[in-house]
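K.L.:
The structure under discussion is supplied below as structure tokens; questions concerning it will follow.
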Amino acid sequence: MPTVRVKETSPSRWRCAASSGTVEKTGLLTELRAREFYEKPTAYRKRKLAAAVKRHYKRLRSQTLPPKLY
């Protein structure tokens, strides 16, 4: 569980922002959303494969040269 140290004199909105930033950095909310419902192993593999393909095409797009504009 992530912990946040704030001063007692700091405003409450700063405390909230600090805690939400820490939770987001640790990835706690995304894991909770993923574990909210059971996901079949085949659906899990399919989702992971789709993400890998997407990353691959994104990497290819960044490595290719842009078309000549003339």
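Residues in the structure tokens are numbered from 1 in each chain, the chains being A, B, ... in the order shown, and ligands are numbered from 1 in the order shown.
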List the neighbours of Cys16 of chain A out to 12 Å using only C-alpha atoms; skip same-chain residues closer than 6 positions along the sequence, and give me the result as number ranges by chain.
P.N.:
A: 4-6, 10, 22-23
K.L.:
Give me, please, the distance in Å between atom CA of Arg45 of chain A and atom CA of Leu28 of chain A, quoted to one decimal.
P.N.:
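Interatomic distance here is 21.4 Å.
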K.L.:
From a DSSP calculation on the backbone, collect every residue of chain A in helix (DSSP H, G or I) and output the set as a ChimeraX atom specification.
P.N.:
/A:12-26,28-34,41-63
